[in-house]
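The file my_file_17.cif contains mmCIF, C-alpha atoms:
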```cif
data_input
#
loop_
_atom_site.label_atom_id
_atom_site.label_comp_id
_atom_site.auth_asym_id
_atom_site.auth_seq_id
_atom_site.Cartn_x
_atom_site.Cartn_y
_atom_site.Cartn_z
CA MET A 1 33.27 55.67 -55.03
CA ILE A 2 32.97 57.23 -51.59
CA ASN A 3 35.96 59.26 -50.43
CA THR A 4 36.83 60.59 -47.00
CA LYS A 5 35.44 64.03 -47.81
CA ASP A 6 31.96 62.81 -48.74
CA SER A 7 30.88 62.53 -45.11
CA SER A 8 32.06 66.06 -44.40
CA TYR A 9 30.11 67.54 -47.28
CA LEU A 10 26.98 65.60 -46.32
CA GLU A 11 27.36 66.84 -42.73
CA MET A 12 27.33 70.37 -44.13
CA ALA A 13 24.17 69.53 -46.08
CA TYR A 14 22.54 68.22 -42.90
CA GLY A 15 23.52 71.39 -41.09
CA LEU A 16 21.61 73.32 -43.74
CA ALA A 17 18.62 70.96 -43.57
CA GLU A 18 18.29 71.47 -39.82
CA LYS A 19 17.68 75.18 -40.40
CA ALA A 20 14.28 74.26 -41.83
CA LYS A 21 13.21 72.40 -38.70
CA GLY A 22 9.78 73.57 -37.59
CA TRP A 23 9.19 75.58 -40.78
CA ALA A 24 9.15 73.23 -43.80
CA SER A 25 6.72 70.62 -42.43
CA PRO A 26 4.88 68.62 -43.69
CA ASN A 27 7.63 68.55 -46.29
CA PRO A 28 10.93 66.89 -45.36
CA TYR A 29 13.95 68.81 -44.12
CA VAL A 30 16.50 68.69 -46.94
CA GLY A 31 19.90 70.28 -47.51
CA ALA A 32 22.22 70.25 -50.54
CA VAL A 33 25.86 71.16 -51.19
CA ILE A 34 27.61 71.27 -54.58
CA VAL A 35 31.39 70.84 -54.78
CA ARG A 36 33.78 71.25 -57.67
CA GLY A 37 37.54 70.91 -57.42
CA GLY A 38 37.38 70.91 -53.62
CA THR A 39 35.42 74.19 -53.53
CA ILE A 40 31.79 74.59 -52.49
CA ILE A 41 30.08 76.34 -55.40
CA GLY A 42 26.45 76.00 -54.32
CA HIS A 43 24.36 75.23 -51.27
CA GLY A 44 20.75 75.43 -50.17
CA PHE A 45 17.94 74.04 -48.06
CA HIS A 46 14.18 73.82 -48.43
CA GLU A 47 12.84 76.57 -46.16
CA ARG A 48 9.04 76.43 -46.39
CA PRO A 49 6.30 74.56 -48.27
CA GLY A 50 5.89 76.03 -51.74
CA GLN A 51 9.40 77.49 -51.81
CA PRO A 52 12.24 76.07 -53.95
CA HIS A 53 13.77 72.78 -52.91
CA ALA A 54 17.33 72.44 -51.64
CA GLU A 55 18.75 71.12 -54.92
CA ALA A 56 17.15 73.90 -56.97
CA ILE A 57 18.62 76.60 -54.73
CA ALA A 58 22.09 75.03 -54.72
CA LEU A 59 22.06 74.58 -58.51
CA GLU A 60 21.01 78.17 -59.09
CA ARG A 61 23.91 79.38 -56.95
CA ALA A 62 26.34 77.10 -58.74
CA GLY A 63 25.19 78.11 -62.21
CA ARG A 64 27.23 76.70 -65.10
CA LEU A 65 29.90 75.49 -62.68
CA ALA A 66 27.56 72.67 -61.67
CA ARG A 67 28.48 70.70 -64.81
CA GLY A 68 30.93 67.96 -63.82
CA SER A 69 30.58 68.73 -60.09
CA SER A 70 29.55 66.56 -57.14
CA LEU A 71 26.12 67.16 -55.62
CA TYR A 72 25.55 66.12 -51.99
CA VAL A 73 21.92 65.96 -50.92
CA THR A 74 20.39 64.60 -47.73
CA LEU A 75 17.29 63.14 -49.41
CA GLU A 76 16.57 61.60 -52.79
CA PRO A 77 15.59 64.27 -55.37
CA CYS A 78 11.86 64.38 -56.08
CA VAL A 79 10.44 63.22 -59.41
CA HIS A 80 6.95 64.74 -59.32
CA TRP A 81 5.26 68.10 -59.76
CA GLY A 82 3.81 69.61 -56.62
CA ARG A 83 3.96 73.29 -55.78
CA THR A 84 7.47 73.19 -57.28
CA PRO A 85 8.95 71.37 -60.32
CA PRO A 86 10.64 67.95 -59.97
CA CYS A 87 14.21 68.41 -58.71
CA VAL A 88 15.55 65.36 -60.53
CA GLU A 89 15.07 67.03 -63.93
CA ALA A 90 16.88 70.16 -62.78
CA VAL A 91 19.78 68.02 -61.58
CA ILE A 92 19.99 66.18 -64.90
CA ARG A 93 19.99 69.45 -66.84
CA ALA A 94 22.83 70.76 -64.66
CA ALA A 95 24.85 67.60 -65.46
CA PRO A 96 26.89 66.96 -62.31
CA LYS A 97 29.33 64.07 -62.51
CA ARG A 98 28.25 62.56 -59.18
CA VAL A 99 25.28 62.73 -56.84
CA VAL A 100 25.70 61.51 -53.27
CA VAL A 101 22.25 60.84 -51.75
CA SER A 102 22.17 60.24 -48.01
CA SER A 103 18.72 58.63 -47.85
CA LEU A 104 15.96 57.46 -50.17
CA ASP A 105 12.67 59.32 -49.92
CA PRO A 106 10.05 57.03 -48.28
CA ASN A 107 7.28 58.83 -50.17
CA PRO A 108 5.88 56.10 -52.49
CA ILE A 109 5.68 58.66 -55.31
CA VAL A 110 9.45 59.20 -55.11
CA PHE A 111 11.00 56.09 -53.52
CA GLN A 112 13.96 54.93 -55.66
CA LYS A 113 12.54 56.67 -58.73
CA GLY A 114 14.76 59.72 -58.35
CA VAL A 115 17.90 57.60 -58.06
CA ARG A 116 16.92 55.45 -61.04
CA ARG A 117 16.25 58.53 -63.15
CA LEU A 118 19.66 60.01 -62.34
CA ARG A 119 21.44 56.75 -63.15
CA ALA A 120 19.52 56.42 -66.41
CA ALA A 121 20.87 59.85 -67.34
CA GLY A 122 24.43 58.57 -66.87
CA ILE A 123 25.12 60.23 -63.51
CA ASP A 124 27.11 58.30 -60.89
CA VAL A 125 24.89 57.96 -57.81
CA THR A 126 25.86 56.83 -54.31
CA VAL A 127 23.14 56.15 -51.72
CA GLY A 128 23.12 55.54 -47.97
CA LEU A 129 25.97 57.54 -46.44
CA LEU A 130 24.85 59.02 -43.08
CA GLY A 131 21.36 57.69 -43.66
CA GLU A 132 20.84 57.39 -39.90
CA ARG A 133 20.98 61.19 -39.68
CA ASN A 134 17.97 61.48 -41.95
CA SER A 135 15.98 58.87 -40.01
CA VAL A 136 16.21 61.13 -36.94
CA LEU A 137 15.93 64.53 -38.60
CA ASN A 138 12.90 63.49 -40.66
CA GLU A 139 11.25 61.10 -38.20
CA SER A 140 7.99 63.06 -38.37
CA TYR A 141 7.96 63.21 -42.16
CA ILE A 142 8.72 59.50 -42.47
CA LYS A 143 5.73 58.48 -40.33
CA TYR A 144 3.42 61.04 -41.88
CA ILE A 145 4.24 60.22 -45.50
CA THR A 146 4.05 56.44 -45.03
CA ARG A 147 1.13 56.14 -42.59
CA GLY A 148 -0.84 59.36 -43.04
CA VAL A 149 -0.84 60.30 -39.35
CA PRO A 150 1.36 62.63 -37.30
CA PHE A 151 4.47 61.64 -35.37
CA VAL A 152 3.41 62.03 -31.71
CA THR A 153 5.64 63.27 -28.90
CA LEU A 154 4.32 63.25 -25.34
CA LYS A 155 5.63 65.98 -23.02
CA ALA A 156 5.27 66.22 -19.25
CA ALA A 157 6.91 67.95 -16.30
CA LEU A 158 7.36 65.60 -13.34
CA SER A 159 8.58 65.62 -9.77
CA LEU A 160 11.10 62.99 -8.67
CA ASP A 161 8.21 60.84 -7.43
CA GLY A 162 6.50 61.04 -10.82
CA ARG A 163 3.75 63.57 -10.05
CA MET A 164 2.51 66.05 -12.64
CA ALA A 165 0.68 68.15 -10.04
CA THR A 166 -0.35 68.11 -6.39
CA ARG A 167 -3.53 66.41 -5.19
CA THR A 168 -5.29 69.81 -5.55
CA GLY A 169 -4.19 70.10 -9.18
CA ASP A 170 -1.52 72.76 -8.65
CA SER A 171 1.38 72.37 -11.10
CA ARG A 172 2.93 75.87 -11.28
CA TRP A 173 5.73 75.43 -11.52
CA ILE A 174 7.27 71.98 -11.19
CA SER A 175 10.04 72.69 -13.69
CA SER A 176 12.50 75.60 -13.61
CA PRO A 177 12.24 78.79 -15.73
CA GLU A 178 15.21 77.57 -17.80
CA THR A 179 13.45 74.30 -18.55
CA ARG A 180 10.21 76.05 -19.46
CA ASP A 181 12.15 78.23 -21.88
CA TYR A 182 13.64 75.10 -23.43
CA VAL A 183 10.15 73.61 -23.80
CA HIS A 184 9.15 76.57 -25.95
CA LEU A 185 12.04 75.65 -28.23
CA LEU A 186 10.55 72.17 -28.40
CA ARG A 187 7.08 73.53 -29.18
CA GLY A 188 8.42 75.45 -32.13
CA GLU A 189 9.65 72.25 -33.80
CA HIS A 190 6.10 70.91 -34.05
CA ASP A 191 3.11 71.57 -36.28
CA ALA A 192 0.54 71.29 -33.49
CA ILE A 193 -0.02 70.98 -29.73
CA MET A 194 -2.81 68.88 -28.22
CA VAL A 195 -4.35 68.94 -24.74
CA GLY A 196 -7.50 67.68 -23.09
CA ILE A 197 -10.24 70.02 -21.94
CA GLY A 198 -9.24 69.40 -18.32
CA THR A 199 -5.94 71.19 -18.91
CA ILE A 200 -7.76 74.17 -20.42
CA LEU A 201 -10.23 74.42 -17.53
CA LYS A 202 -7.52 74.07 -14.87
CA ASP A 203 -4.68 76.19 -16.29
CA ASP A 204 -6.31 78.39 -18.98
CA PRO A 205 -3.14 78.18 -21.13
CA ARG A 206 -2.46 80.04 -24.38
CA LEU A 207 -0.44 77.16 -25.89
CA THR A 208 1.58 79.51 -28.06
CA VAL A 209 5.27 79.41 -28.99
CA ARG A 210 7.02 82.11 -26.98
CA HIS A 211 10.71 82.06 -27.84
CA PRO A 212 12.85 84.51 -29.85
CA GLN A 213 14.08 81.71 -32.11
CA TRP A 214 10.51 81.14 -33.32
CA THR A 215 9.43 84.70 -34.07
CA GLY A 216 6.38 84.51 -36.30
CA LYS A 217 5.89 80.80 -35.73
CA LYS A 218 2.24 79.73 -35.82
CA ILE A 219 1.21 76.43 -34.31
CA VAL A 220 -2.13 74.64 -34.47
CA ARG A 221 -3.73 74.16 -31.02
CA ILE A 222 -5.95 71.09 -30.61
CA ILE A 223 -8.36 70.52 -27.72
CA LEU A 224 -10.22 67.27 -27.07
CA ASP A 225 -13.54 68.33 -25.56
CA SER A 226 -16.31 65.74 -25.85
CA ALA A 227 -18.97 67.91 -24.14
CA LEU A 228 -17.81 71.31 -25.49
CA ARG A 229 -16.93 72.75 -22.09
CA LEU A 230 -14.39 75.18 -23.59
CA PRO A 231 -15.24 78.64 -22.22
CA VAL A 232 -15.76 81.30 -24.87
CA GLN A 233 -13.63 83.56 -22.62
CA ALA A 234 -10.66 81.16 -22.56
CA ARG A 235 -7.29 82.86 -23.09
CA ILE A 236 -6.44 80.58 -26.01
CA LEU A 237 -9.27 82.20 -28.00
CA THR A 238 -7.50 85.57 -27.78
CA THR A 239 -4.45 84.17 -29.63
CA LEU A 240 -5.95 83.00 -32.93
CA ALA A 241 -3.48 85.18 -34.83
CA GLU A 242 -0.74 82.89 -33.47
CA GLY A 243 -2.30 79.67 -34.73
CA GLN A 244 -5.55 77.92 -35.51
CA VAL A 245 -7.59 76.35 -32.71
CA LEU A 246 -9.29 73.02 -33.44
CA VAL A 247 -11.74 71.50 -31.00
CA PHE A 248 -12.69 67.83 -31.38
CA THR A 249 -16.02 66.96 -29.82
CA MET A 250 -18.88 64.46 -30.09
CA ASN A 251 -21.80 64.71 -32.51
CA ARG A 252 -24.22 65.08 -29.62
CA ALA A 253 -22.45 68.19 -28.22
CA SER A 254 -24.49 71.39 -27.89
CA TYR A 255 -25.16 73.02 -31.26
CA ARG A 256 -25.56 76.42 -29.57
CA LYS A 257 -22.15 76.15 -27.88
CA ARG A 258 -20.60 74.99 -31.13
CA ALA A 259 -21.99 78.03 -32.94
CA ALA A 260 -20.68 80.34 -30.20
CA LEU A 261 -17.17 78.92 -30.47
CA GLU A 262 -17.19 79.05 -34.26
CA LYS A 263 -18.22 82.70 -34.04
CA ARG A 264 -15.04 83.30 -32.03
CA GLY A 265 -12.96 81.72 -34.81
CA VAL A 266 -12.63 78.17 -33.47
CA GLU A 267 -13.02 75.22 -35.83
CA VAL A 268 -15.18 72.57 -34.18
CA ILE A 269 -14.88 69.02 -35.52
CA ALA A 270 -17.53 66.51 -34.45
CA ILE A 271 -16.54 62.85 -34.21
CA SER A 272 -19.26 60.25 -34.72
CA GLY A 273 -19.80 57.49 -32.19
CA GLN A 274 -21.03 57.17 -28.65
CA SER A 275 -17.81 56.39 -26.77
CA ARG A 276 -16.18 58.75 -24.32
CA PRO A 277 -13.52 59.97 -24.31
CA ILE A 278 -13.20 60.88 -27.98
CA GLU A 279 -11.58 58.17 -30.08
CA ALA A 280 -7.94 59.26 -30.29
CA PRO A 281 -7.12 57.16 -33.42
CA GLU A 282 -9.87 58.98 -35.31
CA VAL A 283 -8.39 62.31 -34.22
CA MET A 284 -4.95 61.25 -35.47
CA ALA A 285 -6.40 60.31 -38.86
CA ARG A 286 -8.19 63.66 -39.14
CA LEU A 287 -4.98 65.54 -38.28
CA GLY A 288 -3.07 63.59 -40.91
CA GLU A 289 -5.64 64.60 -43.51
CA ARG A 290 -4.90 68.22 -42.61
CA GLY A 291 -1.18 67.85 -43.24
CA ILE A 292 -0.14 67.86 -39.59
CA ALA A 293 3.03 65.78 -39.51
CA SER A 294 4.26 66.40 -35.96
CA LEU A 295 2.14 66.63 -32.82
CA LEU A 296 3.20 67.56 -29.28
CA VAL A 297 0.80 66.23 -26.63
CA GLU A 298 1.09 68.23 -23.40
CA GLY A 299 -1.61 66.66 -21.24
CA GLY A 300 -3.37 66.19 -19.03
CA SER A 301 -2.82 62.88 -17.34
CA ARG A 302 -5.87 61.15 -18.84
CA LEU A 303 -4.91 62.11 -22.39
CA LEU A 304 -1.28 61.06 -21.93
CA THR A 305 -2.43 57.71 -20.54
CA THR A 306 -4.74 57.20 -23.52
CA MET A 307 -1.97 57.94 -26.00
CA ILE A 308 0.33 55.42 -24.33
CA GLU A 309 -2.25 52.68 -23.80
CA GLU A 310 -3.55 52.93 -27.38
CA LYS A 311 0.01 52.88 -28.77
CA LEU A 312 -0.39 56.19 -30.55
CA ALA A 313 2.72 57.83 -29.11
CA ASP A 314 6.14 57.63 -30.76
CA LYS A 315 8.33 59.61 -28.39
CA LEU A 316 8.37 60.73 -24.75
CA PHE A 317 9.91 63.98 -23.50
CA LEU A 318 10.06 64.40 -19.72
CA THR A 319 11.40 67.20 -17.55
CA VAL A 320 12.17 65.91 -14.06
CA SER A 321 12.56 68.38 -11.21
CA PRO A 322 14.20 67.61 -7.81
CA ARG A 323 10.93 67.87 -5.90
CA LEU A 324 8.85 65.38 -3.95
CA ILE A 325 5.09 66.01 -4.09
CA GLY A 326 3.43 62.82 -2.85
CA GLY A 327 -0.29 62.23 -2.52
CA GLU A 328 -2.18 59.11 -3.58
CA THR A 329 -4.52 61.15 -5.78
CA ALA A 330 -1.87 63.42 -7.32
CA PRO A 331 -1.86 62.88 -11.11
CA SER A 332 0.99 61.10 -12.90
CA ILE A 333 1.87 60.65 -16.56
CA LEU A 334 0.49 57.10 -16.72
CA GLU A 335 -2.60 56.17 -14.75
CA GLY A 336 -5.35 53.68 -15.51
CA GLU A 337 -5.06 50.10 -14.27
CA GLY A 338 -1.41 49.70 -15.20
CA VAL A 339 0.23 46.38 -15.98
CA ARG A 340 0.20 43.31 -13.76
CA LEU A 341 3.70 42.16 -14.68
CA VAL A 342 6.87 44.20 -15.13
CA ARG A 343 7.68 42.34 -18.33
CA ARG A 344 4.52 43.78 -19.88
CA SER A 345 5.42 47.37 -19.04
CA TRP A 346 6.25 49.98 -21.65
CA ARG A 347 10.01 50.20 -22.14
CA LEU A 348 11.57 53.16 -23.90
CA ARG A 349 14.29 52.79 -26.53
CA LYS A 350 17.12 55.11 -27.54
CA VAL A 351 16.93 56.91 -24.21
CA SER A 352 19.02 60.02 -23.68
CA ALA A 353 19.25 62.55 -20.84
CA PHE A 354 20.85 65.90 -20.10
CA PRO A 355 20.61 68.53 -17.35
CA ILE A 356 19.18 72.02 -17.46
CA GLY A 357 19.97 73.73 -14.18
CA ASP A 358 18.68 71.43 -11.41
CA ASP A 359 16.25 69.68 -13.75
CA ILE A 360 16.93 66.61 -15.89
CA ILE A 361 15.55 66.23 -19.42
CA ILE A 362 14.84 62.64 -20.47
CA GLN A 363 13.68 61.54 -23.89
CA GLY A 364 13.13 58.16 -25.48
CA TYR A 365 11.09 56.29 -28.05
CA PHE A 366 8.24 53.82 -27.57
#
```
As structure tokens, what does this structure read like?
Amino acid sequence: MINTKDSSYLEMAYGLAEKAKGWASPNPYVGAVIVRGGTIIGHGFHERPGQPHAEAIALERAGRLARGSSLYVTLEPCVHWGRTPPCVEAVIRAAPKRVVVSSLDPNPIVFQKGVRRLRAAGIDVTVGLLGERNSVLNESYIKYITRGVPFVTLKAALSLDGRMATRTGDSRWISSPETRDYVHLLRGEHDAIMVGIGTILKDDPRLTVRHPQWTGKKIVRIILDSALRLPVQARILTTLAEGQVLVFTMNRASYRKRAALEKRGVEVIAISGQSRPIEAPEVMARLGERGIASLLVEGGSRLLTTMIEEKLADKLFLTVSPRLIGGETAPSILEGEGVRLVRRSWRLRKVSAFPIGDDIIIQGYF
């Protein structure tokens, strides 16, 4: 039976799980708290792939006191061997009286099996409390583990009139220094960043995570470049120690240029087919195969438009600055032909907004 303290203990477990954000992917973010006689006797969270799971850490801290206790865990205990043993067997051996599971694991290998195993061992199991917290915290994991492709967030800095740059391509800087600092926090939560070759040629970015909270964070950088125009002197190629660089191109791209880039440490992936630009759904499938669960797409305008029109994006993150740029040819986040009728436009759900200095941050889901 759920009591009034169960929510509080699960909130603590979620607070632990959030510490793994940006580090444990493609595994889920999971936290666990063990309580006996109103006292917390164990706690833990899954920090990185290959390291012990939340339940295992909490049980080790609790030791023999775990027998007859209550275990609060944000996600259903796993039942399979991976790089670590199945948590459900460790829980059964510890013999808690109750296990409060916030959410079932959508992984088909685990789904409902962990709960059934605990109940078969005579442990009282409650499922579903604060489940909405898990659906947000693990939104990337849920899509990745059920569909095999990354959860995609689009990011853009806009003026009040919706421009990403001037008609000459100048975009430095539309957003404030405070907002740009916040964006590096956002980068660190993701496995990879993707841009089109136009962004590389125009801005020569490094696409690294530069924030003290993410010291040591490596992030995969992905460039869509159908004709292999990436310069071998590009700044991003001087930062390979901070994350792998993947370049998706077409089969017909120059073999000599491909060899030159690979010599610099770039991984070049050729996509079959004759269409241009590169087929974005194929890229998403390839990234999923590599274990990339969360992807931040930072532009340019053509790539953002493609991701929206092909329904590949899950979330939109906009920084809006109090500037007016104008210009019929100035790029915006969504170009192409557009819709003929308002009722056919893309409408965001679960929209939220907050200020940073003079800028406004808006995010929502497709």
_Here's the selection I'm unsure about, the PyMOL selection byres ((chain A and resi 75) around 8); applied to the file above, which residues does it give, as a VMD selection string?_
chain A and resid 30 to 31 73 to 74 76 to 77 101 to 105 134
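With distances taken over all atoms listed in the file, A:Val209 is the one residue among A:Ile92, A:Ile361, A:Val209, A:Ala17 lying closest to Arg187 of chain A.
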*Can you tell me, as a ChimeraX atom specification, what residues are no more than 12 Å from segment 124-133 of chain A when counting all atoms listed in the file, ignoring any on the same chain fewer than 2 positions away?*
/A:1-15,17-18,29-30,68-77,91-92,95-105,112,114-122,135-139
Would you write out, as a compact mmCIF listing (two decimals) with C-alpha atoms, in the frame of the given file, every residue that the PyMOL selection byres ((chain A and resi 152) around 8) captures in this file?
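The resulting file, out-v1.txt, is shown below:
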```txt
# COMPACT_ATOMS: atom_id res chain seq x y z
CA PRO A 150 1.36 62.63 -37.30
CA PHE A 151 4.47 61.64 -35.37
CA THR A 153 5.64 63.27 -28.90
CA LEU A 154 4.32 63.25 -25.34
CA SER A 294 4.26 66.40 -35.96
CA LEU A 295 2.14 66.63 -32.82
CA LEU A 296 3.20 67.56 -29.28
CA VAL A 297 0.80 66.23 -26.63
CA LEU A 312 -0.39 56.19 -30.55
CA ALA A 313 2.72 57.83 -29.11
CA ASP A 314 6.14 57.63 -30.76
CA LYS A 315 8.33 59.61 -28.39
```
*Which of these, A:Ala157, A:Val33, A:Val342, A:Leu261, has the shortest distance to Ser171 of chain A once you count all atoms listed in the file?*
A:Ala157
*10 Å contact set for Lys311 of chain A, all atoms listed in the file, chain neighbours under 5 positions out, as a ChimeraX atom specification*: /A:281,305-306,346,366
*For Gly299 of chain A, work out the shell of residues within 8 Å, counting all atoms listed in the file and skipping chain neighbours fewer than 3 positions away, then give it as a list in words.*
Leu154, Lys155, Ala156, Met194, Val195, Gly196, Thr199, Arg302, Leu303 and Leu304 of chain A
_Point-to-point distance in Å for atom CA of His211 of chain A and atom CA of Gly162 of chain A_ =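 Answer for the atom CA of Gly162 of chain A to atom CA of His211 of chain A separation: 27.4 Å.
Minimum atom-to-atom distances from A:Pro322, A:Glu242, A:Gly338, A:Pro277 to Asp161 of chain A were compared using all atoms listed in the file, and the lowest value belongs to A:Pro322.
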What would segment 107-134 of chain A look like with N, CA and C atoms in place, written as a PDB file, keeping the file's coordinate frame?
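out_12.pdb written:
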```pdb
ATOM      1  N   ASN A 107       8.519  58.513 -49.467  1.00  0.00           N
ATOM      2  CA  ASN A 107       7.280  58.830 -50.170  1.00  0.00           C
ATOM      3  C   ASN A 107       7.121  57.862 -51.353  1.00  0.00           C
ATOM      4  N   PRO A 108       6.049  57.080 -51.406  1.00  0.00           N
ATOM      5  CA  PRO A 108       5.880  56.100 -52.490  1.00  0.00           C
ATOM      6  C   PRO A 108       5.957  56.715 -53.887  1.00  0.00           C
ATOM      7  N   ILE A 109       5.625  57.992 -54.009  1.00  0.00           N
ATOM      8  CA  ILE A 109       5.680  58.660 -55.310  1.00  0.00           C
ATOM      9  C   ILE A 109       7.136  58.823 -55.773  1.00  0.00           C
ATOM     10  N   VAL A 110       8.056  58.893 -54.809  1.00  0.00           N
ATOM     11  CA  VAL A 110       9.450  59.200 -55.110  1.00  0.00           C
ATOM     12  C   VAL A 110      10.375  57.998 -54.936  1.00  0.00           C
ATOM     13  N   PHE A 111      10.086  57.134 -53.976  1.00  0.00           N
ATOM     14  CA  PHE A 111      11.000  56.090 -53.520  1.00  0.00           C
ATOM     15  C   PHE A 111      11.727  55.368 -54.649  1.00  0.00           C
ATOM     16  N   GLN A 112      13.037  55.544 -54.691  1.00  0.00           N
ATOM     17  CA  GLN A 112      13.960  54.930 -55.660  1.00  0.00           C
ATOM     18  C   GLN A 112      13.827  55.483 -57.081  1.00  0.00           C
ATOM     19  N   LYS A 113      12.741  56.170 -57.367  1.00  0.00           N
ATOM     20  CA  LYS A 113      12.540  56.670 -58.730  1.00  0.00           C
ATOM     21  C   LYS A 113      13.526  57.774 -59.074  1.00  0.00           C
ATOM     22  N   GLY A 114      13.816  58.656 -58.100  1.00  0.00           N
ATOM     23  CA  GLY A 114      14.760  59.720 -58.350  1.00  0.00           C
ATOM     24  C   GLY A 114      16.156  59.191 -58.637  1.00  0.00           C
ATOM     25  N   VAL A 115      16.586  58.201 -57.856  1.00  0.00           N
ATOM     26  CA  VAL A 115      17.900  57.600 -58.060  1.00  0.00           C
ATOM     27  C   VAL A 115      17.977  56.889 -59.407  1.00  0.00           C
ATOM     28  N   ARG A 116      16.926  56.149 -59.749  1.00  0.00           N
ATOM     29  CA  ARG A 116      16.920  55.450 -61.040  1.00  0.00           C
ATOM     30  C   ARG A 116      16.970  56.425 -62.196  1.00  0.00           C
ATOM     31  N   ARG A 117      16.263  57.544 -62.073  1.00  0.00           N
ATOM     32  CA  ARG A 117      16.250  58.530 -63.150  1.00  0.00           C
ATOM     33  C   ARG A 117      17.636  59.153 -63.332  1.00  0.00           C
ATOM     34  N   LEU A 118      18.313  59.439 -62.245  1.00  0.00           N
ATOM     35  CA  LEU A 118      19.660  60.010 -62.340  1.00  0.00           C
ATOM     36  C   LEU A 118      20.631  59.019 -62.986  1.00  0.00           C
ATOM     37  N   ARG A 119      20.540  57.767 -62.589  1.00  0.00           N
ATOM     38  CA  ARG A 119      21.440  56.750 -63.150  1.00  0.00           C
ATOM     39  C   ARG A 119      21.151  56.532 -64.630  1.00  0.00           C
ATOM     40  N   ALA A 120      19.882  56.588 -65.000  1.00  0.00           N
ATOM     41  CA  ALA A 120      19.520  56.420 -66.410  1.00  0.00           C
ATOM     42  C   ALA A 120      20.081  57.550 -67.261  1.00  0.00           C
ATOM     43  N   ALA A 121      20.303  58.704 -66.616  1.00  0.00           N
ATOM     44  CA  ALA A 121      20.870  59.850 -67.340  1.00  0.00           C
ATOM     45  C   ALA A 121      22.393  59.802 -67.366  1.00  0.00           C
ATOM     46  N   GLY A 122      22.981  58.735 -66.826  1.00  0.00           N
ATOM     47  CA  GLY A 122      24.430  58.570 -66.870  1.00  0.00           C
ATOM     48  C   GLY A 122      25.184  59.211 -65.724  1.00  0.00           C
ATOM     49  N   ILE A 123      24.478  59.599 -64.672  1.00  0.00           N
ATOM     50  CA  ILE A 123      25.120  60.230 -63.510  1.00  0.00           C
ATOM     51  C   ILE A 123      25.474  59.151 -62.490  1.00  0.00           C
ATOM     52  N   ASP A 124      26.672  59.229 -61.933  1.00  0.00           N
ATOM     53  CA  ASP A 124      27.110  58.300 -60.890  1.00  0.00           C
ATOM     54  C   ASP A 124      26.396  58.658 -59.587  1.00  0.00           C
ATOM     55  N   VAL A 125      25.681  57.706 -59.007  1.00  0.00           N
ATOM     56  CA  VAL A 125      24.890  57.960 -57.810  1.00  0.00           C
ATOM     57  C   VAL A 125      25.306  57.025 -56.683  1.00  0.00           C
ATOM     58  N   THR A 126      25.559  57.591 -55.522  1.00  0.00           N
ATOM     59  CA  THR A 126      25.860  56.830 -54.310  1.00  0.00           C
ATOM     60  C   THR A 126      24.749  57.079 -53.301  1.00  0.00           C
ATOM     61  N   VAL A 127      24.267  56.027 -52.651  1.00  0.00           N
ATOM     62  CA  VAL A 127      23.140  56.150 -51.720  1.00  0.00           C
ATOM     63  C   VAL A 127      23.483  55.520 -50.373  1.00  0.00           C
ATOM     64  N   GLY A 128      23.077  56.162 -49.280  1.00  0.00           N
ATOM     65  CA  GLY A 128      23.120  55.540 -47.970  1.00  0.00           C
ATOM     66  C   GLY A 128      24.072  56.130 -46.966  1.00  0.00           C
ATOM     67  N   LEU A 129      24.998  56.972 -47.375  1.00  0.00           N
ATOM     68  CA  LEU A 129      25.970  57.540 -46.440  1.00  0.00           C
ATOM     69  C   LEU A 129      25.256  58.474 -45.454  1.00  0.00           C
ATOM     70  N   LEU A 130      25.464  58.243 -44.166  1.00  0.00           N
ATOM     71  CA  LEU A 130      24.850  59.020 -43.080  1.00  0.00           C
ATOM     72  C   LEU A 130      23.327  58.941 -43.084  1.00  0.00           C
ATOM     73  N   GLY A 131      22.808  57.841 -43.598  1.00  0.00           N
ATOM     74  CA  GLY A 131      21.360  57.690 -43.660  1.00  0.00           C
ATOM     75  C   GLY A 131      20.692  57.742 -42.297  1.00  0.00           C
ATOM     76  N   GLU A 132      21.423  57.354 -41.240  1.00  0.00           N
ATOM     77  CA  GLU A 132      20.840  57.390 -39.900  1.00  0.00           C
ATOM     78  C   GLU A 132      20.530  58.824 -39.463  1.00  0.00           C
ATOM     79  N   ARG A 133      21.260  59.793 -40.006  1.00  0.00           N
ATOM     80  CA  ARG A 133      20.980  61.190 -39.680  1.00  0.00           C
ATOM     81  C   ARG A 133      19.598  61.588 -40.188  1.00  0.00           C
ATOM     82  N   ASN A 134      19.273  61.144 -41.380  1.00  0.00           N
ATOM     83  CA  ASN A 134      17.970  61.480 -41.950  1.00  0.00           C
ATOM     84  C   ASN A 134      16.833  60.810 -41.185  1.00  0.00           C
TER      85      ASN A 134
END
```
